[in-house]
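This is my_file.txt. It holds compact mmCIF, C-alpha atoms and all ligand atoms.
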# COMPACT_ATOMS: atom_id res chain seq x y z
CA MET D 1 3.19 -3.42 -17.93
CA TYR D 2 1.02 -3.22 -14.88
CA THR D 3 2.61 -0.06 -13.46
CA ALA D 4 2.46 1.78 -16.75
CA ASP D 5 -1.09 0.56 -17.23
CA ILE D 6 -2.43 2.22 -14.10
CA ILE D 7 -0.29 5.34 -14.18
CA SER D 8 -1.13 6.22 -17.77
CA ILE D 9 -4.68 7.17 -16.96
CA ASP D 10 -6.20 8.93 -19.86
CA GLN D 11 -8.81 11.60 -19.37
CA GLY D 12 -10.07 13.35 -22.43
CA GLY D 13 -6.90 12.59 -24.35
CA ASP D 14 -4.48 13.91 -21.75
CA THR D 15 -2.28 11.80 -19.54
CA ILE D 16 -2.95 13.41 -16.22
CA LEU D 17 -0.85 11.58 -13.69
CA ASN D 18 2.78 11.82 -12.84
CA PRO D 19 4.46 10.56 -9.66
CA ILE D 20 4.87 13.98 -8.07
CA ASP D 21 1.28 14.91 -8.73
CA LEU D 22 0.13 11.58 -7.35
CA LEU D 23 1.85 12.07 -4.03
CA GLN D 24 0.54 15.58 -3.61
CA THR D 25 -2.76 14.33 -2.35
CA ASP D 26 -5.01 15.85 0.22
CA ASN D 27 -7.52 13.95 2.25
CA ARG D 28 -10.59 16.11 1.87
CA GLY D 29 -12.34 13.56 -0.28
CA ILE D 30 -11.59 10.52 1.88
CA ASP D 31 -13.93 9.32 4.58
CA VAL D 32 -11.29 7.90 6.91
CA PHE D 33 -13.86 6.47 9.32
CA HIS D 34 -15.37 4.47 6.46
CA CYS D 35 -11.88 3.25 5.51
CA PHE D 36 -11.15 2.12 9.08
CA ARG D 37 -14.49 0.32 9.30
CA VAL D 38 -13.86 -1.46 5.99
CA ALA D 39 -10.39 -2.48 7.20
CA GLU D 40 -11.86 -3.86 10.44
CA LEU D 41 -14.51 -5.79 8.54
CA ALA D 42 -11.86 -7.13 6.15
CA PHE D 43 -9.79 -8.25 9.16
CA LYS D 44 -12.76 -10.14 10.60
CA LEU D 45 -13.61 -11.73 7.26
CA CYS D 46 -10.00 -12.72 6.61
CA SER D 47 -9.87 -14.32 10.05
CA GLN D 48 -12.49 -16.81 8.85
CA LEU D 49 -10.42 -17.80 5.82
CA GLU D 50 -7.50 -20.16 5.54
CA ILE D 51 -5.03 -17.67 4.14
CA SER D 52 -1.51 -16.77 5.20
CA ASN D 53 -0.83 -13.99 7.66
CA GLU D 54 1.05 -12.17 4.90
CA GLU D 55 -1.97 -12.23 2.59
CA LYS D 56 -4.25 -11.21 5.43
CA GLU D 57 -1.99 -8.28 6.24
CA GLU D 58 -1.98 -7.17 2.60
CA ILE D 59 -5.76 -7.38 2.35
CA VAL D 60 -6.36 -5.39 5.55
CA LEU D 61 -3.87 -2.74 4.44
CA SER D 62 -5.52 -2.58 1.02
CA ALA D 63 -8.89 -2.18 2.70
CA ALA D 64 -7.61 0.68 4.84
CA MET D 65 -6.41 2.46 1.70
CA HIS D 66 -9.09 1.34 -0.76
CA ASP D 67 -10.53 4.82 -1.38
CA ILE D 68 -7.24 6.76 -1.22
CA GLY D 69 -7.72 7.60 -4.90
CA LYS D 70 -10.66 9.83 -3.96
CA SER D 71 -8.05 12.36 -2.87
CA LYS D 72 -7.59 13.05 -6.59
CA ILE D 73 -11.29 13.56 -7.30
CA ASP D 74 -12.85 17.01 -7.30
CA ILE D 75 -14.36 17.54 -3.86
CA SER D 76 -17.43 19.22 -5.34
CA ILE D 77 -18.25 15.96 -7.14
CA LEU D 78 -17.70 13.82 -4.05
CA ASN D 79 -19.90 16.11 -1.97
CA LYS D 80 -22.56 16.73 -4.58
CA PRO D 81 -25.90 16.25 -2.87
CA GLY D 82 -27.93 15.37 -5.98
CA LYS D 83 -27.53 12.80 -8.70
CA LEU D 84 -24.22 12.73 -10.58
CA ASN D 85 -24.17 13.30 -14.32
CA ASN D 86 -22.27 10.94 -16.61
CA LYS D 87 -19.11 13.04 -16.67
CA GLU D 88 -19.03 13.27 -12.86
CA TRP D 89 -19.73 9.58 -12.48
CA ASN D 90 -16.93 8.75 -14.91
CA GLU D 91 -14.57 10.83 -12.81
CA ILE D 92 -15.61 9.04 -9.61
CA LYS D 93 -14.95 5.74 -11.36
CA LEU D 94 -11.28 6.72 -11.78
CA HIS D 95 -10.63 6.55 -8.03
CA PRO D 96 -9.55 2.88 -7.97
CA LYS D 97 -6.95 3.62 -10.67
CA TYR D 98 -5.72 6.69 -8.85
CA GLY D 99 -5.58 4.72 -5.60
CA ALA D 100 -3.69 1.82 -7.15
CA ALA D 101 -1.14 4.21 -8.62
CA ILE D 102 -0.76 6.07 -5.32
CA ALA D 103 -0.20 2.78 -3.44
CA LEU D 104 2.57 1.81 -5.88
CA MET D 105 4.13 5.25 -5.60
CA MET D 106 4.12 4.88 -1.82
CA GLY D 107 6.05 1.61 -2.17
CA TYR D 108 3.26 -0.85 -1.42
CA SER D 109 3.16 -4.20 -3.20
CA VAL D 110 1.53 -4.95 -6.54
CA ASN D 111 -0.94 -7.18 -4.66
CA ILE D 112 -2.07 -4.24 -2.53
CA SER D 113 -2.23 -1.99 -5.56
CA GLN D 114 -4.33 -4.56 -7.44
CA ASN D 115 -6.70 -5.03 -4.51
CA ILE D 116 -7.31 -1.28 -4.64
CA LEU D 117 -7.55 -1.19 -8.44
CA TYR D 118 -10.23 -3.87 -8.54
CA HIS D 119 -12.26 -3.03 -5.43
CA HIS D 120 -15.32 -2.03 -7.49
CA GLU D 121 -15.41 -5.11 -9.70
CA ASN D 122 -18.49 -7.36 -9.66
CA SER D 123 -18.47 -11.12 -10.19
CA ASP D 124 -20.89 -10.70 -13.12
CA GLY D 125 -18.52 -8.33 -14.91
CA THR D 126 -20.60 -5.18 -14.40
CA GLY D 127 -18.10 -3.41 -12.16
CA TYR D 128 -15.13 -1.16 -12.83
CA SER D 129 -12.16 -0.51 -13.46
CA LYS D 130 -11.77 -3.45 -15.86
CA GLY D 131 -15.07 -5.37 -15.77
CA LEU D 132 -13.34 -8.46 -14.37
CA ARG D 133 -15.45 -11.53 -13.56
CA ASP D 134 -15.49 -14.20 -10.87
CA GLU D 135 -12.09 -15.71 -10.05
CA ASN D 136 -10.27 -13.12 -12.17
CA ILE D 137 -10.99 -10.67 -9.37
CA PRO D 138 -8.23 -10.89 -6.73
CA LEU D 139 -9.45 -12.30 -3.40
CA GLY D 140 -8.48 -9.12 -1.55
CA ALA D 141 -10.44 -6.94 -3.96
CA ALA D 142 -13.50 -9.18 -3.61
CA ILE D 143 -13.25 -9.00 0.19
CA ILE D 144 -13.00 -5.20 0.08
CA ARG D 145 -16.00 -5.08 -2.28
CA ILE D 146 -18.12 -7.02 0.21
CA CYS D 147 -16.98 -5.03 3.26
CA ASP D 148 -17.28 -1.71 1.40
CA SER D 149 -20.85 -2.48 0.33
CA TYR D 150 -21.81 -3.67 3.80
CA ASP D 151 -20.44 -0.50 5.38
CA ALA D 152 -22.10 1.73 2.76
CA MET D 153 -25.46 0.13 3.59
CA ARG D 154 -25.01 0.72 7.30
CA ASN D 155 -23.41 4.17 7.22
CA LYS D 156 -23.56 7.31 5.18
CA THR D 157 -20.31 7.51 3.21
CA ILE D 158 -18.98 9.76 0.48
FE FE D 201 -14.22 2.90 -3.75
FE FE D 202 -15.28 2.72 0.02

Please render this file's structure as structure tokens.
Ligand SMILES: [Fe+2]
Ligand SMILES: [Fe+2]
Amino acid sequence: MYTADIISIDQGGDTILNPIDLLQTDNRGIDVFHCFRVAELAFKLCSQLEISNEEKEEIVLSAAMHDIGKSKIDISILNKPGKLNNKEWNEIKLHPKYGAAIALMMGYSVNISQNILYHHENSDGTGYSKGLRDENIPLGAAIIRICDSYDAMRNKTI
């Protein structure tokens, strides 16, 4: 099941997430200005597409929350000035799964949760969390990926 799939996140053999733990987030690791900019970019991009208002609303909301999973990542890793080692990088790469689970726990739709889960996928399959390709990547996740990358190139983000 989708819900079980993203909540049963395994780290070194231990299942580390439960609903109460998920909702006890803090925002130290989230760059809210980056999230707002990505949401604004997603809104503008969606406005150029022939999609329903409902889908547009879901995509913009997903964009606003896309990095919410970083609230579960060790702040010292997010703020590390130098290069990340493999273990640290693997922890960073969990943030879409954390975010997707948090969105579900907060009562948002599966579509929103999936847009968050897949916002670091690449069309050539080199992304994470699942290595999805091309049209298997939800439209909202692809839009967030583009807006996220554009904002990261123009602004310093964590
Ligand atoms: Fe992200
Ligand atoms: Fe981001």

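Checking D:Gly131, D:Ala64, D:Ile59, D:Asn53 one by one against Ile143 in chain D, counting only C-alpha atoms, you find the shortest gap at D:Ile59.
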
key: Contacts to ligand FE 202 (chain D) at 8 Å cut-off (only C-alpha atoms and all ligand atoms) as an MDAnalysis selection string   = chainID D and resid 34:35 38 66:67 148:149 152 157:158

message = What residues of the protein or nucleic acid chains come within 9 Å of ligand FE 201 (chain D) when you use all atoms listed in the file? Reply as a PyMOL selection string.
response = chain D and resi 66-70+92-93+95-96+116+119-120+145+148

task = May I ask which of the residues D:Ile30, D:Ala141, D:Met65, D:Leu41 is the closest one to Leu78 in chain D, counting all atoms listed in the file?
result = D:Ile30

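Pairwise distance (CA of Asn155 in chain D, CA of Val32 in chain D) equals 12.7 Å.
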
task = Quick one: pull the distance between CA of Ile73 in chain D and CA of Asp31 in chain D, Å, one decimal.
result =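 We find that CA of Ile73 in chain D and CA of Asp31 in chain D lie 12.9 Å from each other.
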
request  = Would you list the contacts of Ala103 in chain D as a PyMOL selection string, taking every protein, DNA or RNA residue within 10 Å and counting all atoms listed in the file, but skipping same-chain residues closer than 2 positions in sequence?
outcome  = chain D and resi 22-23+62+65-66+68-69+97-101+105-110+112-114+116-117

inquiry  = Quick check, in Å to one decimal: how far apart do CA of Ser71 in chain D and CA of Glu54 in chain D lie?
reply    = 27.3 Å

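Of the listed residues (D:Glu58, D:Phe33, D:Glu121, D:Ala42), D:Glu121 comes nearest to Arg133 in chain D; the distances count all atoms listed in the file.
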